[in-house]
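**Q** If it helps, the file is called protein-v1.cif and holds mmCIF, C-alpha atoms, pLDDT in the B column; chains and numbers go by the auth columns:
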```cif
data_coords
#
loop_
_atom_site.group_PDB
_atom_site.id
_atom_site.type_symbol
_atom_site.label_atom_id
_atom_site.label_comp_id
_atom_site.label_asym_id
_atom_site.label_seq_id
_atom_site.Cartn_x
_atom_site.Cartn_y
_atom_site.Cartn_z
_atom_site.B_iso_or_equiv
_atom_site.auth_seq_id
_atom_site.auth_asym_id
ATOM 1 C CA MET A 1 226.809 51.795 -80.509 52.00 28 J
ATOM 2 C CA SER A 2 227.142 49.268 -83.331 56.00 29 J
ATOM 3 C CA LYS A 3 224.151 47.591 -84.967 73.00 30 J
ATOM 4 C CA GLN A 4 223.093 44.436 -83.168 86.00 31 J
ATOM 5 C CA ASN A 5 222.706 41.029 -84.741 92.00 32 J
ATOM 6 C CA TYR A 6 220.903 38.883 -82.194 96.00 33 J
ATOM 7 C CA PRO A 7 220.866 36.102 -81.277 97.00 34 J
ATOM 8 C CA ILE A 8 224.549 35.909 -80.479 97.00 35 J
ATOM 9 C CA TYR A 9 223.919 32.778 -78.406 98.00 36 J
ATOM 10 C CA GLN A 10 221.460 30.032 -79.253 97.00 37 J
ATOM 11 C CA THR A 11 218.542 29.861 -76.874 98.00 38 J
ATOM 12 C CA GLU A 12 216.418 27.109 -75.394 97.00 39 J
ATOM 13 C CA ARG A 13 213.500 27.014 -72.986 96.00 40 J
ATOM 14 C CA GLY A 14 214.264 26.043 -69.410 96.00 41 J
ATOM 15 C CA TYR A 15 212.119 24.481 -66.717 93.00 42 J
ATOM 16 C CA LEU A 16 211.057 27.910 -65.435 93.00 43 J
ATOM 17 C CA THR A 17 210.940 29.885 -68.661 95.00 44 J
ATOM 18 C CA GLU A 18 207.346 29.316 -69.707 93.00 45 J
ATOM 19 C CA THR A 19 205.613 29.755 -66.344 94.00 46 J
ATOM 20 C CA THR A 20 207.722 32.800 -65.486 96.00 47 J
ATOM 21 C CA ARG A 21 207.058 34.383 -68.873 96.00 48 J
ATOM 22 C CA GLN A 22 203.296 33.828 -68.587 96.00 49 J
ATOM 23 C CA LYS A 23 203.111 35.318 -65.083 95.00 50 J
ATOM 24 C CA TYR A 24 205.245 38.326 -65.977 97.00 51 J
ATOM 25 C CA ILE A 25 203.234 39.041 -69.146 97.00 52 J
ATOM 26 C CA ALA A 26 199.959 38.924 -67.205 96.00 53 J
ATOM 27 C CA LYS A 27 201.250 41.457 -64.677 95.00 54 J
ATOM 28 C CA ALA A 28 202.874 43.631 -67.341 96.00 55 J
ATOM 29 C CA VAL A 29 199.650 43.776 -69.354 94.00 56 J
ATOM 30 C CA ALA A 30 197.734 44.786 -66.226 94.00 57 J
ATOM 31 C CA SER A 31 200.327 47.515 -65.603 92.00 58 J
ATOM 32 C CA LYS A 32 200.194 48.614 -69.274 88.00 59 J
ATOM 33 C CA LEU A 33 203.870 47.787 -69.800 93.00 60 J
ATOM 34 C CA LEU A 34 202.905 45.287 -72.492 93.00 61 J
ATOM 35 C CA PRO A 35 200.009 45.383 -74.976 89.00 62 J
ATOM 36 C CA LYS A 36 196.849 43.396 -74.277 88.00 63 J
ATOM 37 C CA ASP A 37 197.706 40.796 -76.917 88.00 64 J
ATOM 38 C CA ALA A 38 201.313 40.355 -75.706 92.00 65 J
ATOM 39 C CA HIS A 39 200.727 36.646 -75.056 92.00 66 J
ATOM 40 C CA ARG A 40 200.169 36.234 -78.822 90.00 67 J
ATOM 41 C CA MET A 41 202.998 38.463 -80.103 91.00 68 J
ATOM 42 C CA PRO A 42 205.974 36.451 -81.435 92.00 69 J
ATOM 43 C CA GLU A 43 208.491 39.258 -80.833 92.00 70 J
ATOM 44 C CA ILE A 44 207.563 39.313 -77.145 95.00 71 J
ATOM 45 C CA LEU A 45 207.321 35.544 -76.698 96.00 72 J
ATOM 46 C CA SER A 46 210.566 34.888 -78.546 97.00 73 J
ATOM 47 C CA LEU A 47 213.691 33.897 -76.625 98.00 74 J
ATOM 48 C CA LYS A 48 215.684 36.083 -79.006 97.00 75 J
ATOM 49 C CA ALA A 49 216.204 39.778 -78.270 97.00 76 J
ATOM 50 C CA SER A 50 215.012 42.294 -80.827 94.00 77 J
ATOM 51 C CA ASN A 51 217.600 44.066 -82.971 94.00 78 J
ATOM 52 C CA ASN A 52 215.342 47.119 -82.906 90.00 79 J
ATOM 53 C CA MET A 53 216.894 49.315 -80.218 91.00 80 J
ATOM 54 C CA LYS A 54 213.501 50.894 -79.510 88.00 81 J
ATOM 55 C CA LYS A 55 212.182 47.546 -78.306 92.00 82 J
ATOM 56 C CA PRO A 56 213.069 46.498 -74.742 96.00 83 J
ATOM 57 C CA ILE A 57 214.786 43.180 -74.149 98.00 84 J
ATOM 58 C CA GLN A 58 212.460 40.849 -72.260 98.00 85 J
ATOM 59 C CA PHE A 59 214.388 39.086 -69.516 98.00 86 J
ATOM 60 C CA TRP A 60 213.784 35.626 -71.018 98.00 87 J
ATOM 61 C CA GLN A 61 215.746 36.936 -74.032 98.00 88 J
ATOM 62 C CA LEU A 62 218.879 37.881 -72.083 98.00 89 J
ATOM 63 C CA TYR A 63 220.760 34.673 -72.815 98.00 90 J
ATOM 64 C CA SER A 64 220.571 35.417 -76.549 98.00 91 J
ATOM 65 C CA VAL A 65 222.568 38.582 -75.849 98.00 92 J
ATOM 66 C CA LEU A 66 224.872 37.617 -72.978 98.00 93 J
ATOM 67 C CA GLY A 67 225.430 33.890 -73.101 98.00 94 J
ATOM 68 C CA GLN A 68 226.479 31.971 -69.987 98.00 95 J
ATOM 69 C CA ASP A 69 229.685 33.564 -68.684 98.00 96 J
ATOM 70 C CA PRO A 70 228.417 37.129 -68.026 98.00 97 J
ATOM 71 C CA ILE A 71 225.331 35.813 -66.235 98.00 98 J
ATOM 72 C CA VAL A 72 227.441 33.564 -64.020 98.00 99 J
ATOM 73 C CA GLY A 73 229.833 36.473 -63.498 98.00 100 J
ATOM 74 C CA ILE A 74 227.101 38.752 -62.124 98.00 101 J
ATOM 75 C CA VAL A 75 225.854 36.034 -59.771 98.00 102 J
ATOM 76 C CA SER A 76 229.428 35.328 -58.620 98.00 103 J
ATOM 77 C CA ASP A 77 229.991 38.987 -57.799 98.00 104 J
ATOM 78 C CA PHE A 78 226.793 39.056 -55.745 97.00 105 J
ATOM 79 C CA TYR A 79 227.616 35.992 -53.656 97.00 106 J
ATOM 80 C CA SER A 80 231.158 37.154 -52.994 98.00 107 J
ATOM 81 C CA ARG A 81 229.506 40.172 -51.354 98.00 108 J
ATOM 82 C CA VAL A 82 227.010 38.022 -49.447 96.00 109 J
ATOM 83 C CA PHE A 83 229.731 35.855 -47.905 97.00 110 J
ATOM 84 C CA ALA A 84 231.765 38.941 -46.959 98.00 111 J
ATOM 85 C CA ASP A 85 228.776 40.617 -45.306 96.00 112 J
ATOM 86 C CA GLU A 86 227.689 40.794 -41.667 96.00 113 J
ATOM 87 C CA LYS A 87 227.134 37.555 -39.784 96.00 114 J
ATOM 88 C CA TRP A 88 223.352 37.960 -39.424 95.00 115 J
ATOM 89 C CA PHE A 89 222.987 38.109 -43.199 94.00 116 J
ATOM 90 C CA ARG A 90 225.581 35.607 -44.412 94.00 117 J
ATOM 91 C CA THR A 91 224.873 32.857 -41.858 93.00 118 J
ATOM 92 C CA PRO A 92 221.586 31.602 -43.401 91.00 119 J
ATOM 93 C CA PHE A 93 223.391 31.239 -46.736 92.00 120 J
ATOM 94 C CA ALA A 94 226.394 29.495 -45.170 92.00 121 J
ATOM 95 C CA ARG A 95 224.112 26.944 -43.484 89.00 122 J
ATOM 96 C CA VAL A 96 222.889 25.818 -46.898 89.00 123 J
ATOM 97 C CA GLY A 97 226.260 25.646 -48.647 91.00 124 J
ATOM 98 C CA ASP A 98 229.471 27.472 -49.465 96.00 125 J
ATOM 99 C CA VAL A 99 229.801 30.349 -51.897 97.00 126 J
ATOM 100 C CA ASN A 100 230.334 28.041 -54.886 97.00 127 J
ATOM 101 C CA HIS A 101 227.161 26.109 -54.066 95.00 128 J
ATOM 102 C CA HIS A 102 225.109 29.305 -54.108 94.00 129 J
ATOM 103 C CA ILE A 103 226.734 30.587 -57.290 97.00 130 J
ATOM 104 C CA GLY A 104 225.928 27.302 -59.005 95.00 131 J
ATOM 105 C CA THR A 105 222.281 27.110 -57.950 94.00 132 J
ATOM 106 C CA GLN A 106 221.464 30.799 -58.457 95.00 133 J
ATOM 107 C CA ALA A 107 223.241 30.977 -61.822 96.00 134 J
ATOM 108 C CA SER A 108 221.314 27.867 -62.920 96.00 135 J
ATOM 109 C CA MET A 109 218.056 29.592 -62.056 94.00 136 J
ATOM 110 C CA TRP A 110 219.034 32.782 -63.921 97.00 137 J
ATOM 111 C CA LEU A 111 220.192 30.876 -67.002 97.00 138 J
ATOM 112 C CA ASP A 112 217.033 28.765 -67.010 96.00 139 J
ATOM 113 C CA VAL A 113 214.677 31.761 -66.877 96.00 140 J
ATOM 114 C CA MET A 114 216.752 33.868 -69.269 97.00 141 J
ATOM 115 C CA GLY A 115 216.559 31.422 -72.175 97.00 142 J
ATOM 116 C CA GLY A 116 219.716 29.390 -71.644 97.00 143 J
ATOM 117 C CA GLY A 117 218.007 26.020 -71.441 97.00 144 J
ATOM 118 C CA PRO A 118 216.931 23.487 -68.785 95.00 145 J
ATOM 119 C CA TYR A 119 219.370 24.263 -65.974 91.00 146 J
ATOM 120 C CA TYR A 120 217.139 24.578 -62.903 84.00 147 J
ATOM 121 C CA HIS A 121 215.759 21.106 -62.198 79.00 148 J
ATOM 122 C CA GLY A 122 212.676 21.167 -60.008 78.00 149 J
ATOM 123 C CA ALA A 123 211.489 24.492 -61.404 68.00 150 J
ATOM 124 C CA GLU A 124 208.976 26.395 -59.249 70.00 151 J
ATOM 125 C CA TYR A 125 208.694 23.636 -56.639 51.00 152 J
ATOM 126 C CA ARG A 126 212.427 23.769 -56.005 73.00 153 J
ATOM 127 C CA LEU A 127 212.486 27.572 -55.943 72.00 154 J
ATOM 128 C CA ASN A 128 209.572 27.807 -53.509 65.00 155 J
ATOM 129 C CA PHE A 129 210.952 25.025 -51.307 52.00 156 J
ATOM 130 C CA HIS A 130 214.322 26.785 -51.051 60.00 157 J
ATOM 131 C CA HIS A 131 212.820 30.084 -49.977 64.00 158 J
ATOM 132 C CA THR A 132 210.330 28.525 -47.570 65.00 159 J
ATOM 133 C CA HIS A 133 212.800 26.213 -45.829 51.00 160 J
ATOM 134 C CA ASN A 134 216.240 27.786 -46.326 59.00 161 J
ATOM 135 C CA ALA A 135 215.863 31.537 -46.839 62.00 162 J
ATOM 136 C CA HIS A 136 212.702 32.423 -44.931 64.00 163 J
ATOM 137 C CA MET A 137 214.583 34.099 -42.056 69.00 164 J
ATOM 138 C CA LEU A 138 215.883 36.769 -44.453 71.00 165 J
ATOM 139 C CA LEU A 139 212.637 37.285 -46.317 77.00 166 J
ATOM 140 C CA ASP A 140 211.536 40.350 -44.383 86.00 167 J
ATOM 141 C CA GLU A 141 212.069 44.087 -44.843 89.00 168 J
ATOM 142 C CA LYS A 142 215.503 44.099 -43.195 91.00 169 J
ATOM 143 C CA GLY A 143 216.746 41.140 -45.237 89.00 170 J
ATOM 144 C CA ALA A 144 215.224 42.593 -48.400 89.00 171 J
ATOM 145 C CA ARG A 145 217.060 45.891 -47.972 91.00 172 J
ATOM 146 C CA ARG A 146 220.403 44.158 -47.540 93.00 173 J
ATOM 147 C CA TRP A 147 219.819 41.710 -50.415 94.00 174 J
ATOM 148 C CA VAL A 148 218.907 44.502 -52.831 94.00 175 J
ATOM 149 C CA LYS A 149 221.790 46.697 -51.664 96.00 176 J
ATOM 150 C CA LEU A 150 224.333 43.945 -52.374 97.00 177 J
ATOM 151 C CA MET A 151 222.720 43.023 -55.683 97.00 178 J
ATOM 152 C CA VAL A 152 222.749 46.626 -56.908 97.00 179 J
ATOM 153 C CA GLN A 153 226.440 46.836 -55.959 98.00 180 J
ATOM 154 C CA ALA A 154 227.090 43.625 -57.898 98.00 181 J
ATOM 155 C CA LEU A 155 225.226 44.957 -60.933 98.00 182 J
ATOM 156 C CA GLU A 156 227.166 48.218 -60.868 98.00 183 J
ATOM 157 C CA SER A 157 230.522 46.446 -60.680 98.00 184 J
ATOM 158 C CA SER A 158 229.462 43.996 -63.419 98.00 185 J
ATOM 159 C CA GLN A 159 228.457 46.616 -65.966 97.00 186 J
ATOM 160 C CA HIS A 160 231.368 45.547 -68.179 97.00 187 J
ATOM 161 C CA LEU A 161 229.710 42.129 -68.537 98.00 188 J
ATOM 162 C CA MET A 162 226.491 43.583 -69.942 98.00 189 J
ATOM 163 C CA THR A 163 227.808 44.488 -73.419 97.00 190 J
ATOM 164 C CA ASP A 164 227.264 47.955 -74.913 95.00 191 J
ATOM 165 C CA ASP A 165 223.510 47.389 -75.363 97.00 192 J
ATOM 166 C CA PRO A 166 221.836 49.853 -72.949 97.00 193 J
ATOM 167 C CA ARG A 167 218.732 47.653 -72.788 97.00 194 J
ATOM 168 C CA VAL A 168 220.495 44.865 -70.887 98.00 195 J
ATOM 169 C CA ARG A 169 220.655 46.417 -67.418 98.00 196 J
ATOM 170 C CA PRO A 170 216.975 47.507 -67.374 98.00 197 J
ATOM 171 C CA SER A 171 216.049 43.985 -68.469 98.00 198 J
ATOM 172 C CA ILE A 172 218.033 42.439 -65.590 98.00 199 J
ATOM 173 C CA ASN A 173 216.438 44.947 -63.210 98.00 200 J
ATOM 174 C CA THR A 174 213.006 43.927 -64.520 98.00 201 J
ATOM 175 C CA PHE A 175 213.814 40.246 -63.928 97.00 202 J
ATOM 176 C CA LEU A 176 214.913 40.936 -60.353 96.00 203 J
ATOM 177 C CA ALA A 177 211.974 43.242 -59.611 96.00 204 J
ATOM 178 C CA HIS A 178 209.507 40.631 -60.886 95.00 205 J
ATOM 179 C CA PHE A 179 210.817 37.902 -58.593 92.00 206 J
ATOM 180 C CA PHE A 180 211.263 40.242 -55.655 91.00 207 J
ATOM 181 C CA ALA A 181 207.610 41.282 -55.917 91.00 208 J
ATOM 182 C CA LYS A 182 206.687 37.584 -55.793 89.00 209 J
ATOM 183 C CA TYR A 183 208.747 37.028 -52.639 85.00 210 J
ATOM 184 C CA ALA A 184 207.275 40.115 -50.978 89.00 211 J
ATOM 185 C CA SER A 185 203.790 38.794 -51.692 88.00 212 J
ATOM 186 C CA ASP A 186 204.588 35.217 -50.630 84.00 213 J
ATOM 187 C CA PHE A 187 206.270 36.201 -47.361 83.00 214 J
ATOM 188 C CA LYS A 188 204.130 39.238 -46.541 85.00 215 J
ATOM 189 C CA PHE A 189 206.810 41.899 -46.294 82.00 216 J
ATOM 190 C CA LYS A 190 206.619 45.423 -47.640 84.00 217 J
ATOM 191 C CA ASN A 191 208.715 45.825 -50.768 81.00 218 J
ATOM 192 C CA CYS A 192 210.157 49.348 -50.837 78.00 219 J
ATOM 193 C CA GLU A 193 213.347 48.459 -52.696 80.00 220 J
ATOM 194 C CA ASN A 194 214.296 48.902 -56.348 91.00 221 J
ATOM 195 C CA PHE A 195 217.145 47.797 -58.563 95.00 222 J
ATOM 196 C CA GLY A 196 217.154 50.842 -60.815 95.00 223 J
ATOM 197 C CA LYS A 197 215.546 51.598 -64.162 96.00 224 J
ATOM 198 C CA THR A 198 213.341 48.794 -65.482 97.00 225 J
ATOM 199 C CA ASN A 199 211.960 48.096 -68.955 96.00 226 J
ATOM 200 C CA PRO A 200 209.864 50.878 -70.494 93.00 227 J
ATOM 201 C CA PRO A 201 206.441 50.114 -71.992 91.00 228 J
ATOM 202 C CA PHE A 202 206.542 48.058 -75.170 90.00 229 J
ATOM 203 C CA SER A 203 205.568 50.319 -78.058 76.00 230 J
ATOM 204 C CA CYS A 204 203.681 48.668 -80.884 67.00 231 J
ATOM 205 C CA LYS A 205 203.781 50.002 -84.407 68.00 232 J
ATOM 206 C CA ILE A 206 200.545 51.901 -84.943 71.00 233 J
ATOM 207 C CA ASN A 207 199.033 52.200 -88.410 75.00 234 J
ATOM 208 C CA PHE A 208 196.501 55.024 -88.285 81.00 235 J
ATOM 209 C CA MET A 209 195.281 54.158 -91.795 79.00 236 J
ATOM 210 C CA ASN A 210 193.735 50.942 -90.489 79.00 237 J
ATOM 211 C CA MET A 211 192.082 52.536 -87.459 84.00 238 J
ATOM 212 C CA THR A 212 188.714 54.156 -86.912 89.00 239 J
ATOM 213 C CA ALA A 213 188.457 57.670 -85.472 89.00 240 J
ATOM 214 C CA LYS A 214 187.122 56.185 -82.234 89.00 241 J
ATOM 215 C CA SER A 215 190.089 53.812 -81.825 85.00 242 J
ATOM 216 C CA ILE A 216 192.560 56.646 -82.512 85.00 243 J
ATOM 217 C CA GLU A 217 190.875 58.800 -79.872 88.00 244 J
ATOM 218 C CA ALA A 218 191.166 55.895 -77.419 85.00 245 J
ATOM 219 C CA LEU A 219 194.976 55.871 -77.693 80.00 246 J
ATOM 220 C CA SER A 220 196.957 57.445 -74.874 77.00 247 J
ATOM 221 C CA GLU A 221 198.799 60.698 -75.449 79.00 248 J
ATOM 222 C CA GLU A 222 202.111 58.830 -75.154 70.00 249 J
ATOM 223 C CA GLU A 223 201.061 56.303 -77.813 72.00 250 J
ATOM 224 C CA LEU A 224 199.955 59.094 -80.145 82.00 251 J
ATOM 225 C CA ARG A 225 203.213 61.023 -79.751 78.00 252 J
ATOM 226 C CA TYR A 226 205.333 57.916 -80.327 68.00 253 J
ATOM 227 C CA ALA A 227 203.382 56.809 -83.410 76.00 254 J
ATOM 228 C CA LEU A 228 203.301 60.284 -84.980 83.00 255 J
ATOM 229 C CA SER A 229 207.024 60.802 -84.372 73.00 256 J
ATOM 230 C CA ALA A 230 207.752 57.427 -85.983 65.00 257 J
ATOM 231 C CA ARG A 231 205.938 58.642 -89.108 73.00 258 J
ATOM 232 C CA GLY A 232 208.032 61.819 -89.221 76.00 259 J
ATOM 233 C CA VAL A 233 205.226 64.174 -88.176 84.00 260 J
ATOM 234 C CA ASN A 234 206.399 67.523 -86.807 82.00 261 J
ATOM 235 C CA MET A 235 205.763 67.458 -83.058 76.00 262 J
ATOM 236 C CA GLY A 236 206.865 71.015 -82.347 77.00 263 J
ATOM 237 C CA GLY A 237 204.837 73.300 -80.123 78.00 264 J
ATOM 238 C CA ASN A 238 202.695 72.581 -77.093 85.00 265 J
ATOM 239 C CA LEU A 239 200.337 70.003 -78.570 88.00 266 J
ATOM 240 C CA SER A 240 197.327 68.780 -76.620 90.00 267 J
ATOM 241 C CA LYS A 241 195.937 65.286 -77.014 90.00 268 J
ATOM 242 C CA ALA A 242 193.173 66.727 -79.204 92.00 269 J
ATOM 243 C CA ASP A 243 195.837 68.235 -81.490 89.00 270 J
ATOM 244 C CA LEU A 244 197.576 64.863 -81.702 90.00 271 J
ATOM 245 C CA VAL A 245 194.331 63.111 -82.574 90.00 272 J
ATOM 246 C CA GLN A 246 193.713 65.613 -85.382 91.00 273 J
ATOM 247 C CA LYS A 247 197.179 65.032 -86.788 88.00 274 J
ATOM 248 C CA ALA A 248 196.589 61.283 -86.730 88.00 275 J
ATOM 249 C CA LEU A 249 193.187 61.641 -88.429 89.00 276 J
ATOM 250 C CA SER A 250 194.662 63.818 -91.159 88.00 277 J
ATOM 251 C CA LEU A 251 197.178 61.213 -92.283 83.00 278 J
#
```
As structure tokens, please, write out the structure in this file.
**A**
Amino acid sequence: MSKQNYPIYQTERGYLTETTRQKYIAKAVASKLLPKDAHRMPEILSLKASNNMKKPIQFWQLYSVLGQDPIVGIVSDFYSRVFADEKWFRTPFARVGDVNHHIGTQASMWLDVMGGGPYYHGAEYRLNFHHTHNAHMLLDEKGARRWVKLMVQALESSQHLMTDDPRVRPSINTFLAHFFAKYASDFKFKNCENFGKTNPPFSCKINFMNMTAKSIEALSEEELRYALSARGVNMGGNLSKADLVQKALSL
């Protein structure tokens, strides 16, 4: 694929961007998907996607890559499926508004979180109110399975909207998985669904020259392999973690 030059689209914080980013970072740090100091790292906090293809796109950076139309297009595909689905599933949506109403409100939420600017007035209060009063009857395991099934279908058919950057789809999946985990917790249903591959761990550049032997030994095997490979060290053979540590110490 061609070299990227992000941002393609100018970004702006929305009403949900900051709180969503903070909550995701806290969970991602706990899960070791992001480094402990992620909340202080400009390249993670930025609304602009990295041009380094080894760095995942955080979902609040998606607008800088996609802009408005592809995001709205994905949401439109999803709701066309919702309103064509079985009566038990589509009826709660239809009671709130027609397909265009749902496309407008959901796309506003996506754009707001993804760095497009202040689209989703009411922020978390509005989002929580909607799910508690309008969507609660579908927020169980049966409703979750159908929602995820239709969303995955929409994502698959919208692949052409995601550019040729392979990091986009995992970033969207990460966004959806983050919010779905919140809904599962809020409404006490078991979340067994997934949207596909999500963002890999964020790999920081490791400079062994500035590290003590103890701090090098504390690195995970994955971190050691990544950092040594980045420095052009031969990684051939069946190397144990102790072997990797010795290679790092010898640099």
**Q** Residues of stretch 196-234 of chain J within 12 Å of stretch 47-59 of chain J: nearest atom pair and distance (Å, one decimal) for each, counting only C-alpha atoms, sorted by chain and number, as CSV?
**A**
```
residue,atom,partner,partner_atom,distance
J:Thr201,CA,J:Tyr51,CA,9.7
J:Phe202,CA,J:Tyr51,CA,9.0
J:Leu203,CA,J:Tyr51,CA,11.5
J:Ala204,CA,J:Tyr51,CA,10.5
J:His205,CA,J:Tyr51,CA,7.0
J:Phe206,CA,J:Thr47,CA,9.1
J:Ala208,CA,J:Tyr51,CA,10.7
J:Lys209,CA,J:Lys50,CA,10.2
J:Thr225,CA,J:Ala55,CA,11.8
J:Asn226,CA,J:Ala55,CA,10.3
J:Pro227,CA,J:Lys59,CA,10.0
J:Pro228,CA,J:Lys59,CA,7.0
J:Phe229,CA,J:Lys59,CA,8.7
J:Ser230,CA,J:Lys59,CA,10.4
```
**Q** Within 8 Å of (222.5, 36.0, -81.7), in the coordinates the file gives, what residues turn up when you count only C-alpha atoms, written out as a tab-separated table (two decimals) with C-alpha atoms, keeping the file's coordinate frame?
**A**
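Result file selection_8.tsv:
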```
chain	number	residue	atom	x	y	z
J	32	ASN	CA	222.71	41.03	-84.74
J	33	TYR	CA	220.90	38.88	-82.19
J	34	PRO	CA	220.87	36.10	-81.28
J	35	ILE	CA	224.55	35.91	-80.48
J	36	TYR	CA	223.92	32.78	-78.41
J	37	GLN	CA	221.46	30.03	-79.25
J	75	LYS	CA	215.68	36.08	-79.01
J	91	SER	CA	220.57	35.42	-76.55
J	92	VAL	CA	222.57	38.58	-75.85
```
**Q** Find, counting only C-alpha atoms, the residue in J:Val102, J:Val140, J:Met238, J:Ile233 that gets nearest to J:Val179.
**A**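 For J:Val179, the nearest of the given residues is J:Val102.
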**Q** For a quick check of understanding, using all atoms listed in the file, which of J:Ser198, J:Ser277, J:Ser73, J:Gln180 has the smallest distance to J:Phe105?
**A**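 Of the candidates, the smallest distance to J:Phe105 is held by J:Gln180.
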**Q** Of the candidates J:Leu177, J:Met189, J:Leu61, J:Val195, which shows the shortest atom-to-atom distance to J:Arg117, using all atoms listed in the file?
**A**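 Between J:Leu177, J:Met189, J:Leu61, J:Val195, the residue approaching J:Arg117 most closely is J:Leu177.
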**Q** Please check which residues have atoms at most 12 Å from (216.4, 44.9, -49.0) in the file's coordinates, counting all atoms listed in the file, and write them as JSON, numbers by chain.
**A** {"J": [116, 165, 166, 167, 168, 169, 170, 171, 172, 173, 174, 175, 176, 177, 178, 179, 204, 207, 208, 210, 211, 216, 217, 218, 219, 220, 221, 222]}
**Q** What is the distance between atom CA of J:Val126 and atom CA of J:Gly144, in Å to one decimal?
**A**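 Going from atom CA of J:Val126 over to atom CA of J:Gly144, I get 23.2 Å.
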**Q** With only C-alpha atoms as the basis for distance, which of J:Met141, J:Ile130, J:Met68, J:Ala111 is at the shortest distance from J:Glu45?
**A**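 Once distances to J:Glu45 are computed over only C-alpha atoms, the minimum belongs to J:Met141.
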**Q** Given only C-alpha atoms as the basis, pick out the residue of J:Leu43, J:Ile199, J:Ala76, J:Leu266 nearest to J:Ser185.
**A** J:Ile199
**Q** Tell me which of J:Val99, J:Leu255, J:Met136, J:Ala269 sits closest to J:Gly41, counting all atoms listed in the file.
**A** J:Met136
**Q** Any chance you could resolve the PyMOL selection byres ((chain J and resi 138) around 9) against this file and give the residues as number ranges by chain?
**A** J: 41, 87, 89-90, 94-95, 98-99, 133-137, 139-147
**Q** The PyMOL selection byres ((chain J and resi 120) around 9) on the file shown: which residues, as a list in words?
**A**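 Applied to this file, the PyMOL selection byres ((chain J and resi 120) around 9) selects Val109, Phe110, Phe116, Arg117, Thr118, Pro119, Ala121, Arg122, Val123, Gly124, Asp125, Val126, His129, Asn161 and Ala162 of chain J.
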**Q** So how many Å separate atom CA of J:Ala275 and atom CA of J:Arg252, to one decimal?
**A**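 Taking atom CA of J:Ala275 and atom CA of J:Arg252, their separation equals 9.6 Å.
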**Q** May I have the residues within 6 Å of J:Lys268 as a ChimeraX atom specification, using all atoms listed in the file and disregarding those fewer than 2 positions away in the same chain?
**A** /J:248,270-271
**Q** What does the structure give for the distance between atom CA of J:Lys274 and atom CA of J:Thr239, in Å to one decimal?
**A**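 Answer for the atom CA of J:Lys274 to atom CA of J:Thr239 separation: 13.8 Å.
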**Q** Output as AutoDock Vina command-line options the centre and edge lengths (Å, one decimal) of the box along x, y and z of the file that holds every listed atom of stretch 143-153 of chain J after adding 3 Å on each side.
**A**
```
--center_x 214.2 --center_y 25.2 --center_z -63.8 --size_x 17.0 --size_y 14.3 --size_z 21.6
```
